[in-house]
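Asks: Please see the structure below; I have some questions.
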Amino acid sequence: MKAIVQERYGSAEELRLIDIDPPAAGEGEVLVRVRAAAVNARDWHVMRGDPYLARLMMPSNFGPRGPRRAVRGSDFAGVVEAVGPGVTTFEPGDEVYGDLREADGTFAELVAVPLGFLERKPAGLTFEQAAAVPLAGTTALLALRDFAKLRPGETILINGASGGVGTFAVQVAKAFGATVTGVCSTRNLGLVTELGADDVIDYKRDNFTQAGERYDVVLDLVGNHALGDLLRAVKPDGRLVLGGGGVSGGGRPTVFGPMALVIRAQLAARFGDKRVIPLINIAPNPQALATLRHHLESGDITPAVDRTFPLEKAADAIRYLELDHARAKVVITV
């Protein structure tokens, strides 16, 4: 089968489309023929081995000279090709979607997926739309429901509202009955408004940390403000949820990247600041995918896809997300 593989850390030029042996469905696994796979910030982080600190703290993902798993990609949507022993909930022909996360391997024609990593594809969505959902949608849902515990009538500011996670977070927050303020660039103000934000802030003109407005919840998905500055925008009894994936260092790996802010947040939380909530340890979650499917089928949430690329252009897709200021989701068709 054809797959996008990588042997050593570096730029998108390190990615190659080659033929490799196809996987088989093992015990408790489903073999999926991939129809579409989304690109996420974690793809270029893993591709570059960025930040350097991750190579020390996450040895299951980051090897000394290259990623532990050769095939890139975590999100996918496709059709069940075969099922392994012990699988009774899916059968060949079922349309599914899911997120392999650290297991990787979805930038390929076939992928073997454990049962806990996939769900039935939402009805009415294309494969491209469905592939855009799993990692970003799950992150947004759990960040607001389980970490922030967002309640109806509360106010929330989302920094990075036009990004992959941000476009879902705006819609999830509205579905929860919150009043939403989105922070994004000038060109994305219309997109964030269309997604349901009650107010939008152009970060190129206004710094929300200095505006004097306070919110019940601030969800930071960028990591471009100091912890103390972010807390100025949080009510005394509010919550600051930190899940910034960071921005590219111009194509060069950084030492700490977004992990620096998360580490500071963990220390602040440990020393008693209950407002600070690091967004960590979010794993693939079939229950979250089922909840998202309900919202997607009811129309509460609509995936926002910026561009699609064919599998042979996967390097261009990752480059576009990392360096060319992509908005919303970027998807690879297989």
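Scheme for the structure tokens: letters A, B, ... for chains in order shown; per-chain residue numbers from 1; ligand numbers from 1 in order shown.
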If we count only C-alpha atoms and set the cut-off at 12 Å, which residues sit around A:Glu14, ignoring sequence neighbours fewer than 5 positions away in its own chain? Please answer as a compact mmCIF listing (two decimals) with N, CA, C and O atoms, in the first residue's frame.

Replies:
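The resulting selection-v9.txt:
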```txt
# COMPACT_ATOMS: atom_id res chain seq x y z
N ILE A 4 2.72 7.71 3.61
CA ILE A 4 3.68 8.80 3.82
C ILE A 4 4.56 8.43 5.01
O ILE A 4 4.07 8.28 6.13
N VAL A 5 5.85 8.26 4.76
CA VAL A 5 6.76 7.81 5.82
C VAL A 5 7.88 8.82 6.02
O VAL A 5 8.18 9.64 5.16
N GLN A 6 8.52 8.70 7.18
CA GLN A 6 9.60 9.60 7.58
C GLN A 6 10.61 8.82 8.39
O GLN A 6 10.24 8.09 9.32
N GLU A 7 11.90 8.99 8.09
CA GLU A 7 12.94 8.24 8.80
C GLU A 7 13.67 9.09 9.82
O GLU A 7 14.19 8.57 10.81
N ARG A 8 13.77 10.41 9.58
CA ARG A 8 14.51 11.26 10.51
C ARG A 8 13.80 12.60 10.64
O ARG A 8 12.99 12.98 9.80
N TYR A 9 14.10 13.31 11.73
CA TYR A 9 13.48 14.61 11.96
C TYR A 9 13.90 15.60 10.87
O TYR A 9 14.99 15.51 10.32
N TRP A 44 3.32 18.24 12.61
CA TRP A 44 4.58 18.92 12.34
C TRP A 44 5.48 18.94 13.58
O TRP A 44 6.71 18.97 13.46
N MET A 47 7.04 15.56 13.32
CA MET A 47 7.89 15.56 12.13
C MET A 47 9.24 16.22 12.41
O MET A 47 10.29 15.74 11.98
N ARG A 48 9.21 17.32 13.13
CA ARG A 48 10.45 18.08 13.40
C ARG A 48 11.12 17.67 14.71
O ARG A 48 12.22 18.14 15.01
N GLY A 66 14.66 10.41 15.05
CA GLY A 66 13.44 10.46 14.25
C GLY A 66 12.26 9.93 15.04
O GLY A 66 12.43 9.34 16.11
N PRO A 67 11.06 10.13 14.52
CA PRO A 67 9.86 9.64 15.21
C PRO A 67 9.90 8.12 15.37
O PRO A 67 10.48 7.41 14.55
N ALA A 70 7.05 5.39 11.72
CA ALA A 70 7.46 5.96 10.44
C ALA A 70 6.33 6.66 9.71
O ALA A 70 6.55 7.67 9.03
N VAL A 71 5.10 6.14 9.81
CA VAL A 71 3.98 6.70 9.04
C VAL A 71 3.31 7.80 9.85
O VAL A 71 2.93 7.59 11.00
N ARG A 72 3.18 8.98 9.26
CA ARG A 72 2.57 10.12 9.94
C ARG A 72 1.04 10.02 9.92
O ARG A 72 0.45 9.24 9.18
N ALA A 314 0.98 15.30 0.74
CA ALA A 314 0.90 15.42 2.20
C ALA A 314 1.95 16.38 2.76
O ALA A 314 1.69 17.11 3.71
N ALA A 315 3.13 16.38 2.16
CA ALA A 315 4.17 17.31 2.61
C ALA A 315 3.71 18.76 2.45
O ALA A 315 3.94 19.60 3.34
N ASP A 316 3.04 19.06 1.33
CA ASP A 316 2.51 20.41 1.12
C ASP A 316 1.43 20.73 2.14
O ASP A 316 1.33 21.87 2.61
N ILE A 318 1.15 19.59 5.28
CA ILE A 318 1.76 19.87 6.58
C ILE A 318 2.48 21.21 6.54
O ILE A 318 2.42 22.01 7.49
N ARG A 319 3.16 21.49 5.44
CA ARG A 319 3.84 22.78 5.29
C ARG A 319 2.84 23.93 5.34
O ARG A 319 3.09 24.96 5.97
```

Asks: Taking the backbone alone, and naming residues the way the document does, which bits of stretch 69-186 of chain A are strand (DSSP E) by DSSP, as JSON, numbers by chain?

Replies: {"A": [75, 76, 77, 78, 79, 80, 81, 82, 83, 95, 96, 97, 98, 99, 110, 111, 112, 113, 114, 118, 119, 120, 155, 156, 157, 158, 159, 179, 180, 181, 182, 183, 184]}

Asks: Let's have the selection written as a tab-separated table (two decimals), in the first residue's frame, with N, CA and C atoms.

Replies:
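Writing the result to again_26.tsv gives the following:
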```
chain	number	residue	atom	x	y	z
A	75	ASP	N	-5.59	11.43	12.72
A	75	ASP	CA	-7.02	11.46	12.41
A	75	ASP	C	-7.32	10.70	11.12
A	76	PHE	N	-8.52	10.11	11.06
A	76	PHE	CA	-8.89	9.42	9.82
A	76	PHE	C	-10.41	9.28	9.73
A	77	ALA	N	-10.87	9.07	8.51
A	77	ALA	CA	-12.25	8.63	8.24
A	77	ALA	C	-12.17	7.68	7.06
A	78	GLY	N	-12.95	6.60	7.13
A	78	GLY	CA	-12.86	5.63	6.05
A	78	GLY	C	-13.89	4.53	6.19
A	79	VAL	N	-13.60	3.41	5.54
A	79	VAL	CA	-14.53	2.29	5.47
A	79	VAL	C	-13.85	1.04	6.01
A	80	VAL	N	-14.57	0.28	6.85
A	80	VAL	CA	-14.02	-0.94	7.41
A	80	VAL	C	-13.76	-1.95	6.30
A	81	GLU	N	-12.51	-2.40	6.22
A	81	GLU	CA	-12.10	-3.38	5.22
A	81	GLU	C	-12.21	-4.81	5.76
A	82	ALA	N	-11.84	-4.97	7.04
A	82	ALA	CA	-11.87	-6.28	7.68
A	82	ALA	C	-11.85	-6.07	9.20
A	83	VAL	N	-12.26	-7.08	9.94
A	83	VAL	CA	-12.21	-7.01	11.39
A	83	VAL	C	-11.40	-8.17	11.93
A	95	GLU	N	-18.89	2.71	7.72
A	95	GLU	CA	-18.14	3.96	7.64
A	95	GLU	C	-17.79	4.42	9.04
A	96	VAL	N	-16.51	4.73	9.28
A	96	VAL	CA	-16.03	5.03	10.63
A	96	VAL	C	-15.13	6.26	10.61
A	97	TYR	N	-14.89	6.80	11.80
A	97	TYR	CA	-13.91	7.86	11.95
A	97	TYR	C	-13.26	7.70	13.31
A	98	GLY	N	-12.04	8.29	13.46
A	98	GLY	CA	-11.35	8.13	14.73
A	98	GLY	C	-10.00	8.81	14.75
A	99	ASP	N	-9.24	8.52	15.81
A	99	ASP	CA	-7.98	9.21	16.08
A	99	ASP	C	-7.03	8.23	16.74
A	110	LEU	N	-4.32	2.09	4.15
A	110	LEU	CA	-4.95	1.21	5.13
A	110	LEU	C	-4.33	1.46	6.50
A	111	VAL	N	-5.14	1.28	7.54
A	111	VAL	CA	-4.63	1.42	8.90
A	111	VAL	C	-5.38	0.46	9.81
A	112	ALA	N	-4.66	-0.19	10.71
A	112	ALA	CA	-5.27	-1.08	11.70
A	112	ALA	C	-5.56	-0.27	12.96
A	113	VAL	N	-6.82	-0.28	13.40
A	113	VAL	CA	-7.26	0.60	14.48
A	113	VAL	C	-7.84	-0.22	15.64
A	114	PRO	N	-7.32	-0.05	16.86
A	114	PRO	CA	-7.93	-0.71	18.02
A	114	PRO	C	-9.36	-0.20	18.24
A	118	LEU	N	-12.02	4.40	17.58
A	118	LEU	CA	-12.88	4.79	16.45
A	118	LEU	C	-14.34	4.68	16.83
A	119	GLU	N	-15.18	5.32	16.00
A	119	GLU	CA	-16.63	5.31	16.16
A	119	GLU	C	-17.24	5.35	14.76
A	120	ARG	N	-18.54	5.18	14.70
A	120	ARG	CA	-19.23	5.27	13.41
A	120	ARG	C	-19.20	6.71	12.90
A	155	THR	N	-19.45	33.17	30.47
A	155	THR	CA	-18.71	33.81	29.39
A	155	THR	C	-17.38	33.09	29.18
A	156	ILE	N	-16.99	32.95	27.92
A	156	ILE	CA	-15.73	32.29	27.61
A	156	ILE	C	-15.02	33.04	26.51
A	157	LEU	N	-13.70	33.18	26.65
A	157	LEU	CA	-12.85	33.72	25.60
A	157	LEU	C	-11.99	32.59	25.08
A	158	ILE	N	-11.94	32.45	23.75
A	158	ILE	CA	-11.14	31.41	23.12
A	158	ILE	C	-10.04	32.07	22.31
A	159	ASN	N	-8.82	31.93	22.77
A	159	ASN	CA	-7.66	32.49	22.06
A	159	ASN	C	-7.18	31.45	21.06
A	179	THR	N	-21.71	32.41	26.37
A	179	THR	CA	-21.48	33.59	25.55
A	179	THR	C	-20.01	33.58	25.15
A	180	VAL	N	-19.74	33.58	23.84
A	180	VAL	CA	-18.41	33.28	23.33
A	180	VAL	C	-17.75	34.51	22.72
A	181	THR	N	-16.51	34.76	23.12
A	181	THR	CA	-15.64	35.75	22.47
A	181	THR	C	-14.48	35.00	21.84
A	182	GLY	N	-14.28	35.21	20.55
A	182	GLY	CA	-13.19	34.55	19.85
A	182	GLY	C	-12.08	35.52	19.51
A	183	VAL	N	-10.84	35.09	19.66
A	183	VAL	CA	-9.67	35.89	19.31
A	183	VAL	C	-9.02	35.25	18.09
A	184	CYS	N	-8.80	36.06	17.06
A	184	CYS	CA	-8.21	35.55	15.82
A	184	CYS	C	-7.62	36.72	15.04
```

Asks: Using only C-alpha atoms, pick whichever of A:Val170, A:Glu102, A:Asp229, A:Arg327 has the shortest atom-to-atom distance to A:Ser185.

Replies: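 Of all the options, A:Arg327 lies closest to A:Ser185.
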
Asks: Per residue of stretch 143-180 of chain A within 10 Å of stretch 23-41 of chain A, which atom pair is closest and at what distance in Å (one decimal), using only C-alpha atoms, listed by chain and increasing number, as JSON lines?

Replies:
```
{"residue": "A:Gly163", "atom": "CA", "partner": "A:Ala41", "partner_atom": "CA", "distance": 9.9}
{"residue": "A:Gly164", "atom": "CA", "partner": "A:Asn40", "partner_atom": "CA", "distance": 7.5}
{"residue": "A:Val165", "atom": "CA", "partner": "A:Asn40", "partner_atom": "CA", "distance": 9.3}
```

Asks: For A:Val330, list every protein, DNA or RNA residue within 7 Å, evaluated using only C-alpha atoms, and leave out those in the same chain fewer than 6 positions away; present the list as an NGL selection string.

Replies: :A and (38-39 or 305-308 or 317 or 321)

Asks: Using only C-alpha atoms, can you tell me which of A:Pro278, A:Gly63, A:Pro22, A:Gly177 comes closest to A:Gly223?

Replies: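 Of all the options, A:Pro278 lies closest to A:Gly223.
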
Asks: Looking only at helix (DSSP H, G or I) from DSSP on the backbone, list the matching residues of stretch 101-209 of chain A as a PyMOL selection string.

Replies: chain A and resi 101-103+115-117+127-131+134-147+164-175+186-194+208-209

Asks: Restricting the calculation to only C-alpha atoms: of A:Lys174, A:Arg239, A:Arg69, A:Lys329, which residue gets closest to A:Asp300?

Replies: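 Closest residue, counting only C-alpha atoms: A:Lys174.
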
Asks: If I take atom CA of A:Leu142 and atom CA of A:Thr291, how far is one from the other in Å, to one decimal?

Replies: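 Computing the Euclidean distance for atom CA of A:Leu142 and atom CA of A:Thr291 yields 10.6 Å.
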
Asks: Report, in Å with one decimal, the straight-line distance from atom CA of A:Asp220 to atom CA of A:Asn188.

Replies: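 For atom CA of A:Asp220 relative to atom CA of A:Asn188, the distance reads 17.0 Å.
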
Asks: As a ChimeraX atom specification, please: the residues near A:Leu311 (cut-off 7 Å, only C-alpha atoms, same-chain neighbours under 2 positions excluded).

Replies: /A:309,313-314,332-334
